[in-house]
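**Q** Take this structure, written in structure tokens, and hold onto it; I'll ask about it next.
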Number of protein chains: 4
Amino acid sequence: MAKTETRNHIIRTAADLFYENGINQTGINEVIKQSGIAKATLYAHFSSKDELIKAYISYKDKELMIAISEFLAPLPSGKKKLLGVLEFVKEFYHGGSFNGCWCVRSMAEIPVSNTAMRKYISDSKRKFLDYLIDLVKDGFPGLSKSKVNTRAEALYLFYESSVSESYLHNEEWPITRNIELLKQYLKNVN
Amino acid sequence: MAKTETRNHIIRTAADLFYENGINQTGINEVIKQSGIAKATLYAHFSSKDELIKAYISYKDKELMIAISEFLAPLPSGKKKLLGVLEFVKEFYHGGSFNGCWCVRSMAEIPVSNTAMRKYISDSKRKFLDYLIDLVKDGFPGLSKSKVNTRAEALYLFYESSVSESYLHNEEWPITRNIELLKQYLKNVN
Amino acid sequence: MAKTETRNHIIRTAADLFYENGINQTGINEVIKQSGIAKATLYAHFSSKDELIKAYISYKDKELMIAISEFLAPLPSGKKKLLGVLEFVKEFYHGGSFNGCWCVRSMAEIPVSNTAMRKYISDSKRKFLDYLIDLVKDGFPGLSKSKVNTRAEALYLFYESSVSESYLHNEEWPITRNIELLKQYLKNVN
Amino acid sequence: MAKTETRNHIIRTAADLFYENGINQTGINEVIKQSGIAKATLYAHFSSKDELIKAYISYKDKELMIAISEFLAPLPSGKKKLLGVLEFVKEFYHGGSFNGCWCVRSMAEIPVSNTAMRKYISDSKRKFLDYLIDLVKDGFPGLSKSKVNTRAEALYLFYESSVSESYLHNEEWPITRNIELLKQYLKNVN
DNA sequence: AATGAATGAGCGTTCATTCAT
DNA sequence: CATGAATGAACGCTCATTCAT
């Protein structure tokens, strides 16, 4: 197997386990067993579990960006597209492998002393906010930068609580309630 | 020392450690060292770490209810009081010992297989939602039960993302942005 | 409760637990919980767990002597009575609370370093052998002391392997086989 | 060191300790200290202490089979060979490392709830009985299957009480007495 | 005489990581 | 480049026993 392939294989296997059971509940042994590789092979590709966790976070983020972009592609730019972001969450929630936000959950598992990792995770979420900023910018050309940011941050917050609270309660209402809130919000912005 | 005192002493010590560093990063050894008690003493009061975690969750919840109630007491009923809930988060955030939501973070650390504990935590959050429902009910007498719930759920979601996102990014803007969103939301409800 | 009553109550409770589950598998806490007494009360009556174990051994031995004597009482002296000893084992085995020999099992749980306890247990078995010697002496008056001993030791060995092996295999055949062996043995002694 | 070598090294070390002091009196820490290996190494080879105990039982059984076979090899088939089994016990008893029957003693230390382990141990003894059955079958060709079993079971019971009782009393007489009983028994079978 | 909270050494087990091959 | 046996610190938990009341 080529080096990159092995690496990706490990990441995908680890991602499934980390996202399903949490990063601390998933041991290195479990990852190598599921991957079918040797322990030292894993350490040849990732110098530590932390590095593997970072790769997991990035992998899930990229996967999300692709999925959400595909979901939004057919929707018209503007308010419909922004609402689409929360509609995506609803679909995600019912998709069968929903386990909330990997960033929020991973952050909870990282020791406070591990500032590097904590920064990596919050930076990761920041990138998602940037993605939403672009979405607003594209959907509302001419809108002032300040208003773009405000609108994107609002959308981000609706998105985040949809994901986290539907996961926390294992119920759909946080998503539908946030959709209503977003609709009302968008009605009141020019 | 009376039994109840020792028990409370352990809970308070454990709560500080759990909330600061997470429940999995905090070992029983750390708890007893900080408490200045013997290991068997802890196990005389709590049959397992899980029981101590439950006591921690309940302790933090009660503490929160008291603090938020005191904070809201001087505010006039109605919209001012609901906004006060988010103003409380802002104060909480700057209070020096802010580490996000213990429920959200603990949920992320509990294995999926531990359904009893997961239920305990989500039930705990549900109680907080009930608290907000009462707050809305009291502040808007005559409002239909359905509208009370809708309004309380909205407030709950604003509260939750204020706490979680300010913790995640270690920045204040999620709180201020949510306050703006809540203000706008309340403007549009009768 | 009078002191002796309390003491006997503890012994009986402990005996049931020790014989059912083994002396090491039964904690002091279990004994006091089942007895309904305080921990310090137990230690007022028995200076250590070892002392309680000794009391358990003696209690079971006495109980056995009484039971076996009652069982043998109606039988005619001589060979019939000796055979009765093994018939007693058969009844004991089917009695519902059979768990082999407390001495053999306890000996296995005592550290080799605890010579005092080990001597106590083997002395205890020696007393049972003495009981069988008396049985032979009474049943075969005029028999030389040497022959009495030989015959009693044979009976003792048949008895012991009946108890131990039926317990080990959880099957009855070791008892019935030993009964056959004893019958044949007795046929060949004058 | 090759994996199998390490495994065998652990088993031999554990066997000495388990047989000398009992399985519950011997902690994992003692085993690794004596073995000179790390704790995780032990758990890489044995998933639990129970697995190590099983390996110990099997190891001792195999060792016994080999030793007894070697001891019996020069003896002529038939009654001489059967008597040899008890002569072997006498030699075993005086060998310096005699501590009774590992199966009987281990059974006494295993919680009643651990049915899997208890079955493992009694199966182990059953194999020894099968060994004796073969011995009788080979020594008395043409003997009916039923008589073979009866004779082997008798031999088994003599063997067992020789081992257990000489251990219990730390005296030789149970062995010599059983030898006499076996001789007499064999005189009366065709 | 009786209480029960507190003890500290020990238990079996799991972890991410290293290194000789 | 890949292997897998070995590591040692930490984990959650149990034990018989003591002592102030």
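For the structure tokens, the naming scheme is as follows: chains receive sequential letters (A, B, ...) according to their order of presentation, residues are indexed from 1 within each chain, and ligands are indexed from 1 in presentation order.
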How close does each residue of chain E get to chain C, giving the shortest atom pair and distance in Å to one decimal for every residue with an atom at most 9 Å away, counting only C-alpha atoms (C1' of nucleotides), sorted by chain and residue number, as JSON lines?
**A**
```
{"residue": "E:DA1", "atom": "C1'", "partner": "C:Thr41", "partner_atom": "CA", "distance": 8.2}
{"residue": "E:DA2", "atom": "C1'", "partner": "C:Thr41", "partner_atom": "CA", "distance": 6.0}
{"residue": "E:DT3", "atom": "C1'", "partner": "C:Ala38", "partner_atom": "CA", "distance": 6.4}
{"residue": "E:DG4", "atom": "C1'", "partner": "C:Ala38", "partner_atom": "CA", "distance": 7.1}
```
**Q** Could you write out that same residue set with N, CA and C atoms (P, O5', C5', C4', C3', O3' and C1' of nucleotides) as a compact mmCIF listing (two decimals), in the first residue's frame?
**A**
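This went into selection.txt:
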```txt
# COMPACT_ATOMS: atom_id res chain seq x y z
P DA E 1 -17.75 -4.87 77.94
O5' DA E 1 -19.04 -4.25 77.26
C5' DA E 1 -20.39 -4.61 77.61
C4' DA E 1 -21.29 -4.13 76.52
C3' DA E 1 -20.95 -4.67 75.13
O3' DA E 1 -22.17 -4.88 74.43
C1' DA E 1 -20.70 -2.32 75.11
P DA E 2 -22.16 -5.32 72.91
O5' DA E 2 -22.22 -3.95 72.10
C5' DA E 2 -23.36 -3.11 72.26
C4' DA E 2 -23.20 -1.87 71.42
C3' DA E 2 -22.91 -2.13 69.92
O3' DA E 2 -23.94 -1.51 69.18
C1' DA E 2 -21.48 -0.45 70.81
P DT E 3 -23.97 -1.65 67.57
O5' DT E 3 -23.31 -0.30 67.07
C5' DT E 3 -23.97 0.94 67.31
C4' DT E 3 -23.05 2.09 66.99
C3' DT E 3 -22.65 2.18 65.51
O3' DT E 3 -23.45 3.17 64.92
C1' DT E 3 -20.88 2.77 67.01
P DG E 4 -24.12 2.97 63.50
O5' DG E 4 -23.03 3.68 62.57
C5' DG E 4 -22.69 5.04 62.79
C4' DG E 4 -21.38 5.35 62.09
C3' DG E 4 -21.23 4.73 60.69
O3' DG E 4 -20.40 5.59 59.91
C1' DG E 4 -19.49 4.01 61.98
```
**Q** Do me a favour and pick out the residues of chain F within 9 Å of chain A, using only C-alpha atoms (C1' of nucleotides), as a ChimeraX atom specification.
**A** /F:1-4
**Q** Using the selection just defined, write its residues with N, CA and C atoms (P, O5', C5', C4', C3', O3' and C1' of nucleotides) as a PDB file, in the first residue's frame.
**A**
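This is the output file part08.pdb:
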```pdb
ATOM      1  P    DC F   1      10.361   5.296   3.536  1.00  0.00           P
ATOM      2  O5'  DC F   1       9.798   3.845   3.904  1.00  0.00           O
ATOM      3  C5'  DC F   1       9.243   2.988   2.912  1.00  0.00           C
ATOM      4  C4'  DC F   1       8.721   1.770   3.597  1.00  0.00           C
ATOM      5  C3'  DC F   1       7.718   2.081   4.717  1.00  0.00           C
ATOM      6  O3'  DC F   1       6.535   1.343   4.444  1.00  0.00           O
ATOM      7  C1'  DC F   1       9.350   0.513   5.442  1.00  0.00           C
ATOM      8  P    DA F   2       5.287   1.376   5.384  1.00  0.00           P
ATOM      9  O5'  DA F   2       5.497   0.067   6.282  1.00  0.00           O
ATOM     10  C5'  DA F   2       5.624  -1.196   5.633  1.00  0.00           C
ATOM     11  C4'  DA F   2       5.851  -2.276   6.662  1.00  0.00           C
ATOM     12  C3'  DA F   2       4.844  -2.273   7.821  1.00  0.00           C
ATOM     13  O3'  DA F   2       4.294  -3.566   7.930  1.00  0.00           O
ATOM     14  C1'  DA F   2       7.069  -2.367   8.640  1.00  0.00           C
ATOM     15  P    DT F   3       3.163  -3.896   8.996  1.00  0.00           P
ATOM     16  O5'  DT F   3       3.972  -4.549  10.191  1.00  0.00           O
ATOM     17  C5'  DT F   3       4.600  -5.818   9.996  1.00  0.00           C
ATOM     18  C4'  DT F   3       5.498  -6.125  11.157  1.00  0.00           C
ATOM     19  C3'  DT F   3       4.774  -6.332  12.485  1.00  0.00           C
ATOM     20  O3'  DT F   3       4.683  -7.713  12.725  1.00  0.00           O
ATOM     21  C1'  DT F   3       6.870  -5.211  12.715  1.00  0.00           C
ATOM     22  P    DG F   4       3.339  -8.368  13.241  1.00  0.00           P
ATOM     23  O5'  DG F   4       3.668  -8.483  14.794  1.00  0.00           O
ATOM     24  C5'  DG F   4       4.823  -9.188  15.222  1.00  0.00           C
ATOM     25  C4'  DG F   4       5.165  -8.768  16.642  1.00  0.00           C
ATOM     26  C3'  DG F   4       3.948  -8.629  17.580  1.00  0.00           C
ATOM     27  O3'  DG F   4       4.366  -8.929  18.917  1.00  0.00           O
ATOM     28  C1'  DG F   4       5.079  -6.641  17.546  1.00  0.00           C
TER      29       DG F   4
END
```
**Q** At a cut-off of 8 Å, which residues of chain B touch chain A? Count only C-alpha atoms and give the answer as a PyMOL selection string.
**A** chain B and resi 20-22+24-25+104-109+111-112+122+150+153-154+157-158+160-161+165+168-169+174+177-178+181+184-185
**Q** For the selection just defined, write its residues with N, CA and C atoms to a file, as a PDB file, in the first residue's frame.
**A**
```pdb
ATOM      1  N   GLU B  20     -12.566  21.969  36.038  1.00  0.00           N
ATOM      2  CA  GLU B  20     -11.341  22.576  35.509  1.00  0.00           C
ATOM      3  C   GLU B  20     -10.708  21.689  34.430  1.00  0.00           C
ATOM      4  N   ASN B  21     -10.565  20.421  34.736  1.00  0.00           N
ATOM      5  CA  ASN B  21      -9.749  19.558  33.864  1.00  0.00           C
ATOM      6  C   ASN B  21     -10.497  18.468  33.121  1.00  0.00           C
ATOM      7  N   GLY B  22     -11.781  18.332  33.416  1.00  0.00           N
ATOM      8  CA  GLY B  22     -12.546  17.249  32.779  1.00  0.00           C
ATOM      9  C   GLY B  22     -12.612  16.035  33.670  1.00  0.00           C
ATOM     10  N   ASN B  24     -12.475  12.778  32.911  1.00  0.00           N
ATOM     11  CA  ASN B  24     -11.544  11.685  32.628  1.00  0.00           C
ATOM     12  C   ASN B  24     -10.097  12.066  32.922  1.00  0.00           C
ATOM     13  N   GLN B  25      -9.804  13.342  32.836  1.00  0.00           N
ATOM     14  CA  GLN B  25      -8.441  13.792  33.134  1.00  0.00           C
ATOM     15  C   GLN B  25      -8.211  13.855  34.642  1.00  0.00           C
ATOM     16  N   VAL B 104     -22.459  19.498  28.817  1.00  0.00           N
ATOM     17  CA  VAL B 104     -21.981  19.268  27.452  1.00  0.00           C
ATOM     18  C   VAL B 104     -20.612  18.590  27.481  1.00  0.00           C
ATOM     19  N   ARG B 105     -19.746  19.106  28.336  1.00  0.00           N
ATOM     20  CA  ARG B 105     -18.389  18.565  28.382  1.00  0.00           C
ATOM     21  C   ARG B 105     -18.368  17.151  28.945  1.00  0.00           C
ATOM     22  N   SER B 106     -19.160  16.908  29.993  1.00  0.00           N
ATOM     23  CA  SER B 106     -19.185  15.563  30.571  1.00  0.00           C
ATOM     24  C   SER B 106     -19.763  14.565  29.585  1.00  0.00           C
ATOM     25  N   MET B 107     -20.823  14.980  28.902  1.00  0.00           N
ATOM     26  CA  MET B 107     -21.442  14.088  27.915  1.00  0.00           C
ATOM     27  C   MET B 107     -20.404  13.608  26.905  1.00  0.00           C
ATOM     28  N   ALA B 108     -19.491  14.517  26.551  1.00  0.00           N
ATOM     29  CA  ALA B 108     -18.468  14.175  25.560  1.00  0.00           C
ATOM     30  C   ALA B 108     -17.468  13.165  26.109  1.00  0.00           C
ATOM     31  N   GLU B 109     -17.392  13.055  27.423  1.00  0.00           N
ATOM     32  CA  GLU B 109     -16.387  12.171  28.024  1.00  0.00           C
ATOM     33  C   GLU B 109     -16.944  10.812  28.440  1.00  0.00           C
ATOM     34  N   PRO B 111     -18.561   7.256  27.852  1.00  0.00           N
ATOM     35  CA  PRO B 111     -18.686   6.266  26.768  1.00  0.00           C
ATOM     36  C   PRO B 111     -20.150   6.119  26.334  1.00  0.00           C
ATOM     37  N   VAL B 112     -20.353   5.902  25.069  1.00  0.00           N
ATOM     38  CA  VAL B 112     -21.722   5.747  24.555  1.00  0.00           C
ATOM     39  C   VAL B 112     -22.448   4.602  25.246  1.00  0.00           C
ATOM     40  N   SER B 122     -28.488  14.356  30.411  1.00  0.00           N
ATOM     41  CA  SER B 122     -29.475  15.071  29.590  1.00  0.00           C
ATOM     42  C   SER B 122     -30.706  15.442  30.421  1.00  0.00           C
ATOM     43  N   THR B 150     -42.126  27.486  23.436  1.00  0.00           N
ATOM     44  CA  THR B 150     -41.350  27.964  22.291  1.00  0.00           C
ATOM     45  C   THR B 150     -40.358  29.042  22.728  1.00  0.00           C
ATOM     46  N   GLU B 153     -37.593  27.597  24.951  1.00  0.00           N
ATOM     47  CA  GLU B 153     -36.633  26.822  24.163  1.00  0.00           C
ATOM     48  C   GLU B 153     -35.688  27.731  23.395  1.00  0.00           C
ATOM     49  N   ALA B 154     -36.249  28.820  22.863  1.00  0.00           N
ATOM     50  CA  ALA B 154     -35.399  29.789  22.167  1.00  0.00           C
ATOM     51  C   ALA B 154     -34.360  30.357  23.138  1.00  0.00           C
ATOM     52  N   LEU B 157     -31.690  27.833  23.864  1.00  0.00           N
ATOM     53  CA  LEU B 157     -30.705  27.659  22.788  1.00  0.00           C
ATOM     54  C   LEU B 157     -29.722  28.833  22.745  1.00  0.00           C
ATOM     55  N   PHE B 158     -30.222  30.051  22.949  1.00  0.00           N
ATOM     56  CA  PHE B 158     -29.317  31.204  23.004  1.00  0.00           C
ATOM     57  C   PHE B 158     -28.337  31.057  24.181  1.00  0.00           C
ATOM     58  N   GLU B 160     -27.374  28.267  25.689  1.00  0.00           N
ATOM     59  CA  GLU B 160     -26.440  27.170  25.463  1.00  0.00           C
ATOM     60  C   GLU B 160     -25.316  27.539  24.504  1.00  0.00           C
ATOM     61  N   SER B 161     -25.668  28.184  23.402  1.00  0.00           N
ATOM     62  CA  SER B 161     -24.586  28.485  22.461  1.00  0.00           C
ATOM     63  C   SER B 161     -23.721  29.618  22.991  1.00  0.00           C
ATOM     64  N   GLU B 165     -19.981  28.220  22.994  1.00  0.00           N
ATOM     65  CA  GLU B 165     -19.102  28.821  21.979  1.00  0.00           C
ATOM     66  C   GLU B 165     -18.105  29.799  22.584  1.00  0.00           C
ATOM     67  N   LEU B 168     -15.557  27.446  23.757  1.00  0.00           N
ATOM     68  CA  LEU B 168     -14.819  26.814  22.656  1.00  0.00           C
ATOM     69  C   LEU B 168     -13.772  27.766  22.069  1.00  0.00           C
ATOM     70  N   HIS B 169     -14.182  29.034  21.850  1.00  0.00           N
ATOM     71  CA  HIS B 169     -13.270  29.992  21.208  1.00  0.00           C
ATOM     72  C   HIS B 169     -12.500  30.819  22.216  1.00  0.00           C
ATOM     73  N   PRO B 174     -19.537  35.288  21.131  1.00  0.00           N
ATOM     74  CA  PRO B 174     -20.749  34.473  21.025  1.00  0.00           C
ATOM     75  C   PRO B 174     -21.829  34.929  22.015  1.00  0.00           C
ATOM     76  N   ARG B 177     -23.219  38.423  20.722  1.00  0.00           N
ATOM     77  CA  ARG B 177     -24.024  38.188  19.507  1.00  0.00           C
ATOM     78  C   ARG B 177     -25.357  37.549  19.883  1.00  0.00           C
ATOM     79  N   ASN B 178     -25.339  36.599  20.805  1.00  0.00           N
ATOM     80  CA  ASN B 178     -26.583  35.951  21.222  1.00  0.00           C
ATOM     81  C   ASN B 178     -27.514  36.931  21.945  1.00  0.00           C
ATOM     82  N   LEU B 181     -29.243  38.739  19.300  1.00  0.00           N
ATOM     83  CA  LEU B 181     -30.251  37.870  18.672  1.00  0.00           C
ATOM     84  C   LEU B 181     -31.477  37.740  19.570  1.00  0.00           C
ATOM     85  N   GLN B 184     -33.553  40.976  19.499  1.00  0.00           N
ATOM     86  CA  GLN B 184     -34.316  41.065  18.252  1.00  0.00           C
ATOM     87  C   GLN B 184     -35.494  40.098  18.277  1.00  0.00           C
ATOM     88  N   TYR B 185     -35.222  38.906  18.797  1.00  0.00           N
ATOM     89  CA  TYR B 185     -36.271  37.879  18.893  1.00  0.00           C
ATOM     90  C   TYR B 185     -37.421  38.369  19.760  1.00  0.00           C
TER      91      TYR B 185
END
```
**Q** Counting only C-alpha atoms, which residue out of A:Val163, A:Ile11, A:Met65, A:Val189 sits closest to Lys90 of chain A?
**A**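 Of A:Val163, A:Ile11, A:Met65, A:Val189, the one nearest Lys90 of chain A is A:Val163, counting only C-alpha atoms.
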**Q** Contacts of Ser35 of chain B at 8 Å or less, counting only C-alpha atoms (C1' of nucleotides), minus same-chain residues fewer than 3 places along, as number ranges by chain?
**A** B: 9-10, 13, 31-32
**Q** Could you take the residues named above and write them with C-alpha atoms, as a compact mmCIF listing (two decimals), in the first residue's frame?
**A**
```txt
# COMPACT_ATOMS: atom_id res chain seq x y z
CA HIS B 9 -16.17 18.45 51.02
CA ILE B 10 -15.43 15.66 48.56
CA THR B 13 -13.16 19.33 45.69
CA VAL B 31 -9.50 13.99 44.15
CA ILE B 32 -8.39 12.32 47.37
```
**Q** Which distance in Å separates atom CA of Ser69 of chain A and atom CA of Lys187 of chain A, to one decimal?
**A**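 Value for the atom CA of Ser69 of chain A-atom CA of Lys187 of chain A distance: 23.8 Å.
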**Q** Chain B: which residues are alpha helix (DSSP H) by DSSP, as a PyMOL selection string?
**A** chain B and resi 3-21+28-35+39-45+49-72+79-94+102-109+115-139+145-169+173-187
**Q** Write out as a VMD selection string each polymer residue whose atoms come within 12 Å of DG12 of chain F, counting only C-alpha atoms (C1' of nucleotides); drop sequence neighbours fewer than 5 positions from it.
**A** (chain B and resid 24 26 to 29 39 to 40 42 to 43 47 to 50) or (chain E and resid 11 to 14)
**Q** Only N, CA and C atoms (P, O5', C5', C4', C3', O3' and C1' of nucleotides), please: the residues just picked out, written as a PDB file, in the first residue's frame.
**A**
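The result, written out as result_1.pdb:
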```pdb
ATOM      1  N   ASN B  24     -12.475  12.778  32.911  1.00  0.00           N
ATOM      2  CA  ASN B  24     -11.544  11.685  32.628  1.00  0.00           C
ATOM      3  C   ASN B  24     -10.097  12.066  32.922  1.00  0.00           C
ATOM      4  N   THR B  26      -9.281  13.794  35.401  1.00  0.00           N
ATOM      5  CA  THR B  26      -9.163  13.880  36.856  1.00  0.00           C
ATOM      6  C   THR B  26      -9.317  12.501  37.472  1.00  0.00           C
ATOM      7  N   GLY B  27      -8.246  11.985  37.992  1.00  0.00           N
ATOM      8  CA  GLY B  27      -8.295  10.656  38.607  1.00  0.00           C
ATOM      9  C   GLY B  27      -8.775  10.728  40.041  1.00  0.00           C
ATOM     10  N   ILE B  28      -9.220   9.571  40.507  1.00  0.00           N
ATOM     11  CA  ILE B  28      -9.638   9.465  41.901  1.00  0.00           C
ATOM     12  C   ILE B  28      -8.492   9.865  42.836  1.00  0.00           C
ATOM     13  N   ASN B  29      -7.283   9.515  42.450  1.00  0.00           N
ATOM     14  CA  ASN B  29      -6.125   9.841  43.277  1.00  0.00           C
ATOM     15  C   ASN B  29      -5.968  11.352  43.456  1.00  0.00           C
ATOM     16  N   LYS B  39      -8.505   7.028  50.290  1.00  0.00           N
ATOM     17  CA  LYS B  39      -9.239   6.513  49.140  1.00  0.00           C
ATOM     18  C   LYS B  39     -10.511   5.786  49.575  1.00  0.00           C
ATOM     19  N   ALA B  40     -10.369   4.980  50.595  1.00  0.00           N
ATOM     20  CA  ALA B  40     -11.524   4.202  51.050  1.00  0.00           C
ATOM     21  C   ALA B  40     -12.617   5.101  51.617  1.00  0.00           C
ATOM     22  N   LEU B  42     -13.431   7.997  50.367  1.00  0.00           N
ATOM     23  CA  LEU B  42     -14.203   8.421  49.201  1.00  0.00           C
ATOM     24  C   LEU B  42     -15.191   7.332  48.801  1.00  0.00           C
ATOM     25  N   TYR B  43     -14.712   6.096  48.774  1.00  0.00           N
ATOM     26  CA  TYR B  43     -15.576   5.001  48.344  1.00  0.00           C
ATOM     27  C   TYR B  43     -16.619   4.627  49.391  1.00  0.00           C
ATOM     28  N   SER B  47     -20.074   5.038  45.810  1.00  0.00           N
ATOM     29  CA  SER B  47     -19.764   3.645  45.484  1.00  0.00           C
ATOM     30  C   SER B  47     -18.917   3.507  44.231  1.00  0.00           C
ATOM     31  N   SER B  48     -18.863   4.536  43.405  1.00  0.00           N
ATOM     32  CA  SER B  48     -18.025   4.488  42.213  1.00  0.00           C
ATOM     33  C   SER B  48     -17.749   5.913  41.746  1.00  0.00           C
ATOM     34  N   LYS B  49     -16.799   6.026  40.832  1.00  0.00           N
ATOM     35  CA  LYS B  49     -16.498   7.350  40.285  1.00  0.00           C
ATOM     36  C   LYS B  49     -17.742   7.925  39.601  1.00  0.00           C
ATOM     37  N   ASP B  50     -18.496   7.073  38.942  1.00  0.00           N
ATOM     38  CA  ASP B  50     -19.721   7.527  38.278  1.00  0.00           C
ATOM     39  C   ASP B  50     -20.670   8.207  39.261  1.00  0.00           C
TER      40      ASP B  50
ATOM     41  P    DC E  11      -0.979  -7.063  45.998  1.00  0.00           P
ATOM     42  O5'  DC E  11      -2.374  -6.940  45.267  1.00  0.00           O
ATOM     43  C5'  DC E  11      -3.531  -7.599  45.810  1.00  0.00           C
ATOM     44  C4'  DC E  11      -4.760  -7.180  45.035  1.00  0.00           C
ATOM     45  C3'  DC E  11      -4.615  -7.327  43.526  1.00  0.00           C
ATOM     46  O3'  DC E  11      -4.898  -8.659  43.179  1.00  0.00           O
ATOM     47  C1'  DC E  11      -5.719  -5.283  44.111  1.00  0.00           C
ATOM     48  P    DG E  12      -4.160  -9.349  41.955  1.00  0.00           P
ATOM     49  O5'  DG E  12      -5.069  -8.891  40.738  1.00  0.00           O
ATOM     50  C5'  DG E  12      -6.468  -9.131  40.792  1.00  0.00           C
ATOM     51  C4'  DG E  12      -7.159  -8.344  39.706  1.00  0.00           C
ATOM     52  C3'  DG E  12      -6.679  -8.644  38.283  1.00  0.00           C
ATOM     53  O3'  DG E  12      -7.802  -8.614  37.420  1.00  0.00           O
ATOM     54  C1'  DG E  12      -6.331  -6.365  38.759  1.00  0.00           C
ATOM     55  P    DT E  13      -7.598  -8.849  35.823  1.00  0.00           P
ATOM     56  O5'  DT E  13      -7.408  -7.395  35.204  1.00  0.00           O
ATOM     57  C5'  DT E  13      -8.414  -6.405  35.434  1.00  0.00           C
ATOM     58  C4'  DT E  13      -8.001  -5.087  34.812  1.00  0.00           C
ATOM     59  C3'  DT E  13      -7.512  -5.180  33.352  1.00  0.00           C
ATOM     60  O3'  DT E  13      -8.476  -4.530  32.542  1.00  0.00           O
ATOM     61  C1'  DT E  13      -6.208  -3.672  34.661  1.00  0.00           C
ATOM     62  P    DT E  14      -8.265  -4.447  30.948  1.00  0.00           P
ATOM     63  O5'  DT E  14      -7.634  -3.007  30.753  1.00  0.00           O
ATOM     64  C5'  DT E  14      -8.309  -1.879  31.290  1.00  0.00           C
ATOM     65  C4'  DT E  14      -7.595  -0.617  30.870  1.00  0.00           C
ATOM     66  C3'  DT E  14      -7.211  -0.588  29.380  1.00  0.00           C
ATOM     67  O3'  DT E  14      -7.598   0.692  28.877  1.00  0.00           O
ATOM     68  C1'  DT E  14      -5.313  -0.140  30.715  1.00  0.00           C
TER      69       DT E  14
END
```
**Q** Quick check, in Å to one decimal: how far apart do atom CA of Pro76 of chain A and atom CA of Leu135 of chain A lie?
**A**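 Distance reported for this atom pair: 11.5 Å.
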**Q** Separation of atom CA of Lys60 of chain C and atom CA of Arg12 of chain C, in Å?
**A**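 Computing it gives 9.2 Å between the two atoms.
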